[in-house]
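File shown: work.cif. Contents: mmCIF, C-alpha atoms.
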data_coords
loop_
_atom_site.label_atom_id
_atom_site.label_comp_id
_atom_site.auth_asym_id
_atom_site.auth_seq_id
_atom_site.Cartn_x
_atom_site.Cartn_y
_atom_site.Cartn_z
CA MET T 1178 -10.39 10.67 -5.12
CA LEU T 1179 -8.01 8.98 -7.55
CA THR T 1180 -7.34 5.27 -7.22
CA MET T 1181 -3.88 3.99 -6.31
CA LEU T 1182 -3.50 2.73 -9.87
CA GLU T 1183 -4.37 6.19 -11.24
CA GLU T 1184 -2.00 7.92 -8.83
CA VAL T 1185 0.93 5.68 -9.78
CA VAL T 1186 0.27 6.10 -13.51
CA LEU T 1187 -0.19 9.86 -13.09
CA LEU T 1188 3.20 10.01 -11.41
CA ALA T 1189 4.67 8.41 -14.51
CA VAL T 1190 3.43 11.21 -16.79
CA ASP T 1191 6.13 13.78 -17.65
CA GLU T 1192 4.52 17.08 -16.73
CA LYS T 1193 6.49 18.97 -19.41
CA THR T 1194 6.06 16.69 -22.42
CA GLY T 1195 3.01 14.59 -21.56
CA ARG T 1196 4.97 11.45 -22.32
CA VAL T 1197 4.39 8.48 -20.08
CA ARG T 1198 7.64 7.33 -18.55
CA SER T 1199 6.91 3.73 -19.18
CA THR T 1200 5.48 1.58 -16.48
CA ARG T 1201 4.90 -1.13 -19.08
CA GLU T 1202 8.08 -3.05 -18.31
CA PHE T 1203 7.35 -6.36 -16.64
CA GLY T 1204 8.59 -5.32 -13.22
CA ALA T 1205 6.49 -2.18 -13.14
CA ALA T 1206 3.49 -4.07 -14.50
CA TYR T 1207 3.64 -6.23 -11.37
CA ALA T 1208 3.48 -3.05 -9.31
CA LEU T 1209 0.39 -1.91 -11.24
CA VAL T 1210 -1.24 -5.25 -10.44
CA GLY T 1211 -0.30 -4.55 -6.82
CA ALA T 1212 -1.95 -1.13 -7.09
CA VAL T 1213 -5.24 -2.75 -8.09
CA PHE T 1214 -5.07 -5.10 -5.12
CA PHE T 1215 -4.39 -2.14 -2.82
CA ASP T 1216 -7.36 -0.29 -4.27
CA LEU T 1217 -9.52 -3.31 -3.51
CA ALA T 1218 -8.03 -3.61 -0.02
CA LEU T 1219 -8.68 0.06 0.76
CA ALA T 1220 -12.24 -0.37 -0.51
CA ARG T 1221 -12.54 -3.26 1.98
CA LYS T 1222 -13.23 -5.76 -0.78
CA ILE T 1223 -10.21 -7.97 -0.05
CA ASP T 1224 -7.96 -8.55 2.92
CA THR T 1225 -4.57 -10.21 3.24
CA CYS T 1226 -2.49 -11.88 5.90
CA ALA T 1227 1.13 -12.99 5.67
CA GLU T 1228 0.51 -15.24 2.66
CA GLU T 1229 -3.16 -15.43 1.82
CA ILE T 1230 -5.56 -13.08 0.13
CA GLN T 1231 -9.32 -13.34 0.46
CA VAL T 1232 -12.36 -11.67 -0.99
CA ILE T 1233 -14.51 -10.34 1.82
CA ASP T 1234 -17.07 -8.42 -0.22
CA ALA T 1235 -17.63 -9.14 -3.91
CA THR T 1236 -20.12 -6.33 -4.54
CA PRO T 1237 -18.87 -3.92 -7.24
CA THR T 1238 -16.96 -0.76 -6.38
CA GLY T 1239 -18.19 1.18 -9.42
CA ASN T 1240 -14.72 1.33 -10.94
CA PRO T 1241 -14.61 -0.91 -14.05
CA THR T 1242 -10.95 -1.95 -13.66
CA LEU T 1243 -11.32 -2.84 -9.99
CA ASP T 1244 -14.61 -4.62 -10.57
CA ARG T 1245 -13.16 -6.72 -13.37
CA VAL T 1246 -10.37 -7.90 -11.06
CA LEU T 1247 -12.72 -8.35 -8.10
CA ALA T 1248 -15.15 -10.46 -10.15
CA ARG T 1249 -12.30 -12.65 -11.34
CA MET T 1250 -11.06 -13.10 -7.78
CA ALA T 1251 -14.52 -13.98 -6.49
CA ALA T 1252 -14.82 -16.60 -9.22
CA ARG T 1253 -11.54 -18.31 -8.27
CA PRO T 1254 -11.70 -19.30 -4.58
CA ASP T 1255 -9.13 -22.00 -5.35
CA LEU T 1256 -6.40 -19.36 -5.70
CA LYS T 1257 -5.52 -18.33 -2.18
CA THR T 1258 -2.06 -16.83 -1.91
CA VAL T 1259 -1.09 -13.23 -2.67
CA SER T 1260 1.74 -14.47 -4.89
CA ALA T 1261 -0.59 -16.69 -6.94
CA TRP T 1262 -2.98 -13.80 -7.50
CA ILE T 1263 -0.19 -11.44 -8.52
CA GLU T 1264 0.91 -13.99 -11.14
CA GLU T 1265 -2.68 -14.64 -12.24
CA MET T 1266 -3.46 -10.96 -12.77
CA PHE T 1267 -0.12 -10.33 -14.40
CA LEU T 1268 -0.90 -12.93 -17.04
CA LEU T 1269 -4.42 -11.64 -17.55
CA ARG T 1270 -3.74 -7.93 -17.37
CA ASP T 1271 -5.44 -5.84 -20.04
CA ASP T 1272 -3.21 -2.83 -19.99
CA LEU T 1273 -3.89 -1.43 -16.55
CA GLU T 1274 -1.79 1.58 -17.46
CA GLY T 1275 -4.02 2.30 -20.47
CA GLU T 1276 -7.18 2.05 -18.41
CA ALA T 1277 -5.79 4.40 -15.79
CA LEU T 1278 -4.71 6.91 -18.46
CA LYS T 1279 -8.21 6.82 -19.96
CA SER T 1280 -9.77 7.37 -16.56
CA LEU T 1281 -7.43 10.31 -15.85
CA THR T 1282 -8.34 11.76 -19.25
CA ASP T 1283 -12.07 11.31 -18.56
CA ARG T 1284 -11.63 13.06 -15.20
CA GLY T 1285 -10.04 16.07 -16.91
CA VAL T 1286 -6.60 15.60 -15.34
CA LEU T 1287 -4.90 14.71 -18.63
CA ARG T 1288 -5.55 15.29 -22.33
CA HIS T 1289 -4.88 12.54 -24.87
CA GLU T 1290 -2.91 13.52 -27.99
CA HIS T 1291 -2.34 10.91 -30.66
CA SER T 1292 0.08 11.48 -33.54
CA LYS T 1293 2.29 9.62 -36.01
CA LEU T 1294 6.06 9.77 -36.05
CA LEU T 1295 7.39 9.52 -39.64
CA TRP T 1296 3.78 8.68 -40.72
CA VAL T 1297 4.18 5.21 -39.24
CA ILE T 1298 4.88 5.06 -35.53
CA ASP T 1299 1.99 5.79 -33.17
CA VAL T 1300 2.85 8.38 -30.54
CA ASP T 1301 0.54 8.94 -27.57
CA ARG T 1302 1.02 11.85 -25.22
CA PHE T 1303 -0.97 12.90 -22.20
CA PRO T 1304 -0.31 16.58 -21.43
CA MET T 1305 -1.53 17.86 -18.07
CA VAL T 1306 -4.82 19.71 -18.09
CA ASP T 1307 -4.76 20.03 -14.30
CA ASN T 1308 -1.35 19.56 -12.68
CA LYS T 1309 -2.60 19.79 -9.09
CA PRO T 1310 -3.31 16.05 -8.64
CA GLN T 1311 0.23 15.13 -9.72
CA GLN T 1312 1.75 17.83 -7.51
CA HIS T 1313 -0.32 16.50 -4.63
CA VAL T 1314 0.96 12.95 -5.22
CA LYS T 1315 4.57 14.18 -5.33
CA LEU T 1316 4.14 16.26 -2.18
CA ARG T 1317 2.69 13.33 -0.24
CA LEU T 1318 5.55 11.08 -1.34
CA ALA T 1319 8.18 13.68 -0.47
CA ASN T 1320 6.65 14.16 2.98
CA ALA T 1321 6.46 10.41 3.58
CA ILE T 1322 10.12 9.97 2.65
CA LEU T 1323 11.74 13.08 4.12
CA THR T 1324 10.01 13.21 7.50
CA ASP T 1325 10.09 10.62 10.28
CA ASP T 1326 6.36 10.87 10.93
CA ILE T 1327 4.10 7.88 10.38
CA PRO T 1328 2.52 8.55 7.00
CA ASP T 1329 -1.09 7.98 6.05
CA THR T 1330 -1.76 4.40 4.91
CA ARG T 1331 -2.45 5.54 1.34
CA ASP T 1332 0.91 7.30 1.24
CA ILE T 1333 2.77 4.24 2.53
CA ILE T 1334 1.15 2.16 -0.21
CA LEU T 1335 1.80 4.80 -2.85
CA LEU T 1336 5.45 5.00 -1.83
CA SER T 1337 5.92 1.24 -2.08
CA LEU T 1338 4.35 1.14 -5.55
CA ALA T 1339 6.24 4.18 -6.85
CA ASP T 1340 9.45 2.63 -5.58
CA GLN T 1341 8.72 -0.66 -7.37
CA CYS T 1342 7.92 1.24 -10.59
CA GLY T 1343 11.17 3.21 -10.32
CA LEU T 1344 9.25 6.48 -10.15
CA LEU T 1345 10.65 8.00 -6.95
CA GLY T 1346 13.43 9.60 -9.00
CA PHE T 1347 10.79 11.93 -10.44
CA VAL T 1348 9.91 13.13 -6.94
CA LEU T 1349 13.24 13.57 -5.17
CA SER T 1350 16.89 13.81 -6.16
CA GLU T 1351 19.22 10.81 -6.17
CA VAL T 1352 21.02 12.23 -3.14
CA GLU T 1353 17.79 12.64 -1.19
CA LEU T 1354 16.70 9.10 -2.07
CA GLU T 1355 20.09 7.69 -1.13
CA ASN T 1356 20.01 9.51 2.21
CA ARG T 1357 16.56 8.13 2.95
CA LYS T 1358 16.88 4.64 1.50
CA GLU T 1359 16.40 2.95 4.88
CA ARG T 1360 13.20 4.91 5.41
CA ILE T 1361 11.97 3.93 1.93
CA ARG T 1362 12.84 0.29 2.58
CA THR T 1363 11.05 0.32 5.93
CA LEU T 1364 7.85 1.82 4.54
CA SER T 1365 7.92 -0.36 1.42
CA ARG T 1366 7.88 -3.62 3.34
CA ILE T 1367 5.01 -2.88 5.72
CA GLU T 1368 2.27 -4.20 3.46
CA THR T 1369 1.99 -7.87 2.45
CA ILE T 1370 1.05 -6.99 -1.13
CA SER T 1371 4.13 -4.76 -1.50
CA ARG T 1372 6.41 -7.48 -0.20
CA LYS T 1373 4.91 -10.05 -2.54
CA VAL T 1374 5.11 -7.69 -5.53
CA THR T 1375 8.78 -7.09 -4.70
CA GLU T 1376 9.38 -10.85 -4.50
CA ALA T 1377 7.65 -11.34 -7.87
CA ILE T 1378 9.81 -8.62 -9.45
CA HIS T 1379 12.98 -10.14 -7.99
CA ALA T 1380 11.99 -13.62 -9.22
CA LEU T 1381 11.32 -12.17 -12.67
CA ASP T 1382 14.68 -10.36 -12.71
CA LYS T 1383 16.40 -13.58 -11.69
CA SER T 1384 14.69 -15.64 -14.43
CA ILE T 1385 15.55 -12.97 -17.03
CA ARG T 1386 19.20 -13.01 -15.92
CA ILE T 1387 19.28 -16.82 -16.16
CA ALA T 1388 17.66 -16.71 -19.60
CA MET T 1389 20.12 -14.05 -20.79
CA THR T 1390 23.07 -16.09 -19.51
CA LYS T 1391 21.85 -19.11 -21.49
CA VAL T 1392 21.45 -16.97 -24.63
CA VAL T 1393 24.94 -15.51 -24.28
CA MET V 797 -14.87 -10.71 16.51
CA MET V 798 -12.83 -8.45 18.71
CA GLU V 799 -13.34 -7.51 22.30
CA VAL V 800 -11.90 -4.19 23.48
CA THR V 801 -11.67 -3.08 27.10
CA GLN V 802 -10.07 0.02 28.53
CA GLU V 803 -8.93 0.86 32.03
CA THR V 804 -6.61 3.33 33.72
CA ARG V 805 -3.59 1.93 35.60
CA GLU V 806 -1.26 4.41 37.26
CA ASP V 807 -0.73 7.08 34.60
CA TRP V 808 -1.40 4.74 31.66
CA ARG V 809 -4.59 4.05 29.76
CA VAL V 810 -4.47 0.33 29.03
CA VAL V 811 -6.41 -0.88 26.01
CA THR V 812 -6.78 -4.65 25.98
CA LEU V 813 -7.68 -6.37 22.72
CA ARG V 814 -8.99 -9.91 22.41
CA GLY V 815 -9.78 -11.82 19.22
CA ARG V 816 -9.15 -11.00 15.57
CA ALA V 817 -7.94 -7.72 14.09
CA ASP V 818 -9.14 -8.01 10.50
CA SER V 819 -11.27 -6.21 7.94
CA GLU V 820 -14.38 -6.89 9.99
CA THR V 821 -13.01 -5.32 13.17
CA ALA V 822 -10.48 -2.82 11.78
CA ASP V 823 -12.80 0.21 11.88
CA ARG V 824 -13.72 -0.36 15.49
CA LEU V 825 -10.09 -1.05 16.43
CA GLU V 826 -8.94 2.21 14.85
CA GLU V 827 -11.78 4.13 16.45
CA GLU V 828 -11.05 2.75 19.95
CA LEU V 829 -7.32 3.44 19.68
CA ARG V 830 -7.83 6.91 18.22
CA SER V 831 -10.25 7.76 20.98
CA ALA V 832 -7.77 6.54 23.62
CA VAL V 833 -4.82 8.52 22.25
CA GLN V 834 -6.90 11.65 21.87
CA GLN V 835 -7.95 11.53 25.52
CA HIS V 836 -4.87 10.15 27.25
CA PRO V 837 -1.18 11.15 27.08
CA LYS V 838 0.01 7.57 27.70
CA VAL V 839 -1.68 4.58 26.08
CA ALA V 840 -0.55 0.94 26.28
CA VAL V 841 -2.19 -1.58 23.98
CA ASP V 842 -2.18 -5.13 25.32
CA LEU V 843 -1.97 -7.53 22.36
CA ARG V 844 -1.39 -10.82 24.17
CA ALA V 845 -4.89 -12.12 23.36
CA VAL V 846 -4.99 -11.10 19.70
CA ASP V 847 -4.84 -14.37 17.79
CA TYR V 848 -4.92 -12.97 14.25
CA ILE V 849 -4.02 -9.69 12.58
CA SER V 850 -4.57 -9.08 8.87
CA SER V 851 -3.38 -6.22 6.69
CA ALA V 852 -6.58 -4.31 7.48
CA GLY V 853 -5.86 -4.69 11.20
CA LEU V 854 -2.29 -3.55 10.67
CA ARG V 855 -3.50 -0.45 8.83
CA ALA V 856 -5.85 0.36 11.71
CA VAL V 857 -2.92 0.13 14.14
CA LEU V 858 -0.79 2.36 11.91
CA GLN V 859 -3.51 4.96 11.53
CA ALA V 860 -3.94 5.07 15.31
CA ALA V 861 -0.19 5.45 15.78
CA ARG V 862 -0.28 8.26 13.26
CA ALA V 863 -3.06 9.96 15.21
CA ALA V 864 -1.01 9.64 18.40
CA GLN V 865 2.03 11.41 16.95
CA GLY V 866 2.98 14.50 18.87
CA HIS V 867 0.48 14.25 21.70
CA SER V 868 0.30 10.72 23.07
CA ASP V 869 2.80 8.05 23.98
CA LEU V 870 1.34 4.94 22.32
CA ALA V 871 3.00 1.59 23.08
CA PHE V 872 2.08 -1.85 21.75
CA CYS V 873 2.79 -4.43 24.43
CA SER V 874 2.91 -8.18 25.09
CA LEU V 875 2.56 -9.20 21.47
CA SER V 876 1.00 -12.62 20.92
CA ALA V 877 2.96 -15.01 18.70
CA ALA V 878 0.58 -14.35 15.80
CA VAL V 879 0.93 -10.57 16.09
CA LYS V 880 4.69 -10.74 16.62
CA LYS V 881 5.10 -12.76 13.44
CA VAL V 882 3.21 -10.18 11.37
CA PHE V 883 4.92 -7.21 13.06
CA ASP V 884 8.35 -8.76 12.46
CA MET V 885 7.55 -9.45 8.83
CA SER V 886 6.27 -5.92 8.30
CA GLY V 887 9.12 -4.25 10.15
CA MET V 888 6.64 -2.52 12.48
CA GLN V 889 9.30 -2.32 15.19
CA HIS V 890 10.91 0.44 13.10
CA ILE V 891 7.73 2.50 13.18
CA LEU V 892 5.80 1.66 16.33
CA LYS V 893 6.82 1.68 19.98
CA ILE V 894 6.80 -1.96 21.02
CA ARG V 895 7.32 -3.23 24.58
CA GLU V 896 7.66 -6.80 25.74
CA GLU V 897 5.46 -6.17 28.78
CA LEU V 898 2.82 -3.70 29.82
CA PRO V 899 4.38 -0.67 31.56
CA CYS V 900 2.15 -1.10 34.59
#
Would you give me this structure, written as C-alpha cells?
Amino acid sequence: MLTMLEEVVLLAVDEKTGRVRSTREFGAAYALVGAVFFDLALARKIDTCAEEIQVIDATPTGNPTLDRVLARMAARPDLKTVSAWIEEMFLLRDDLEGEALKSLTDRGVLRHEHSKLLWVIDVDRFPMVDNKPQQHVKLRLANAILTDDIPDTRDIILLSLADQCGLLGFVLSEVELENRKERIRTLSRIETISRKVTEAIHALDKSIRIAMTKVV
Amino acid sequence: MMEVTQETREDWRVVTLRGRADSETADRLEEELRSAVQQHPKVAVDLRAVDYISSAGLRAVLQAARAAQGHSDLAFCSLSAAVKKVFDMSGMQHILKIREELPC
C-alpha cells in the first residue's frame, strides 16, 4: 500500500508528460508535511486531539521518511502542539516530494528520466510505468467528493491533502468541484492535522501578502 | 481505558461508552460499534461518559458510521462536553446522526 505522502505526490504527476505539477510551493509543502503526520497517525505512531500531538509508539515503521520524522518527534517532547510540529517539520523538510518520487520509482510505479534543457537546465520527468495506482487514487477522490456516503478514513485524509495542494482540479472539472465545494469543505475539516495545515497555509499566505504590500 | 456495554431497549441497541476514545482504545471501539451495526437495524451510542476523544477515536467512530451506511440507523447521543467540542470543531454534525438524548 502506498503512503499518504506517495499518493499525494503521485496525484501531482501528469500522466501524459511525466512532469510533476509542482507541490514544492510553500503552501503545498505544508500539506506534504501533513501527509507524513497522517501516515504516522494511520500507523498508530502518533495521535492528536484538538491542539496537541503526541508520540504513542516510537518504534520504526520501516519507511525511511516516516521514521526520520518519527525519531525527530520522539526526541522533542517539548514540542506539543500540532501547529508547532507542522512549523518544525516545514523548516526541516528534506524534500518530501523527492523522497516520495524515489519511492514510487523504486516500487515500479514511475520511471525517472533526467535530461538537460538547452544543455544547462535540469529537467526531471517521471513517466508512468503503471498507471493503475494513480487511477485508483483519482477514483477514490471522485467517489468521496461526488457521493454523499461516508468515505473511508484514508480517502477523507487524501481529499483534504489534495485540496490543500490544489490537486483536485486534476481529478474533477471546475464545475464539479464548485458544485461540491461544501462537501469538500466538510470532509477537509474533519481531521485536526488538516485543519492545522490549512491554518498554517492561510497564515503563510497572509504573511506573504503583508510582505508584498511592504515591497510595493 | 474504555468501558463498553450494550443492551437492547425497545427497538434500539444502546451502546454505552465510558472513558477515553483514543489510539489505545480505538480498535476496540470500532470493533464494538461495527459489530452492533451489523447485528442491529437501530443503534444508539451513548457518549455522555466519554471524557476524551482523540483523532484516532474520531476515525473509529467514522469507520463505524461508514459500516452502518445502508443497513443500520446509527445515532450518536448525549454527547459529553469533551466530545461535543471535538465534534463541533470537526463538523461531525454534517456527517453523523447526532441526537441530544437517547431515543429510548
Pairwise distance for CA of Leu813 in chain V and CA of Asp1329 in chain T, rounded to one decimal in Å: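 These two atoms are separated by 23.0 Å.
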Matched chain/residue IDs from the PyMOL selection byres ((chain V) within 6 of (chain T)), as a PyMOL selection string: chain V and resi 850-851+862+886
What would the file look like if the residues just selected were written as an mmCIF file, keeping the file's coordinate frame with C-alpha atoms?
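Dumped everything to out-v3.cif:
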data_model
loop_
_atom_site.group_PDB
_atom_site.id
_atom_site.type_symbol
_atom_site.label_atom_id
_atom_site.label_comp_id
_atom_site.auth_asym_id
_atom_site.auth_seq_id
_atom_site.Cartn_x
_atom_site.Cartn_y
_atom_site.Cartn_z
ATOM 1 C CA SER V 850 -4.570 -9.080 8.870
ATOM 2 C CA SER V 851 -3.380 -6.220 6.690
ATOM 3 C CA ARG V 862 -0.280 8.260 13.260
ATOM 4 C CA SER V 886 6.270 -5.920 8.300
#
Nearest-residue call for Glu827 in chain V, choices V:Ala860, V:Val839, V:Val846, V:Leu854, using all atoms listed in the file: V:Ala860
Nearest to Ile891 in chain V by atom-to-atom distance, counting all atoms listed in the file, from V:Gly866, V:Ala878, V:Thr804, V:Val857: V:Val857
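If you count all atoms listed in the file and ignore residues fewer than 3 places along the chain from range 829-833 of chain V, what sits within 7 Å of it is Leu825, Glu826, His836, Pro837, Val839, Ala860, Ala863, Ala864 and Ser868 of chain V.
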Nearby residues (only C-alpha atoms) at most 9 Å from Met888 in chain V, same-chain spacing under 4 positions excluded, as JSON, numbers by chain: {"T": [1363, 1367], "V": [858, 882, 883, 884, 892, 893, 894]}
Picked residues, the PyMOL selection byres ((chain T and resi 1303) around 9), expected as a ChimeraX atom specification: /T:1190-1192,1194-1197,1278,1282,1287-1291,1301-1302,1304-1306
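Applied to this file, the PyMOL selection byres ((chain V and resi 841) around 6) selects V:Val810, V:Val811, V:Thr812, V:Ala840, V:Asp842, V:Phe872, V:Cys873.
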Separation of CA of Gly1285 in chain T from CA of Leu1338 in chain T in Å: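 Going from CA of Leu1338 in chain T over to CA of Gly1285 in chain T covers 23.6 Å.
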Two-atom distance - CA of Gln865 in chain V, CA of Arg895 in chain V (Å):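 Separation between CA of Gln865 in chain V and CA of Arg895 in chain V: 17.3 Å.
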Close residues, range 1349-1351 of chain T itself excluded, 9 Å, only C-alpha atoms, min 6 positions apart in chain, as a ChimeraX atom specification: /T:1315,1318-1319
Selected residue, from T:Met1389, T:Ala1261, T:Val1186, T:Leu1268, that lies nearest to Val1286 in chain T when counting all atoms listed in the file: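 Closest to Val1286 in chain T, using all atoms listed in the file: T:Val1186.
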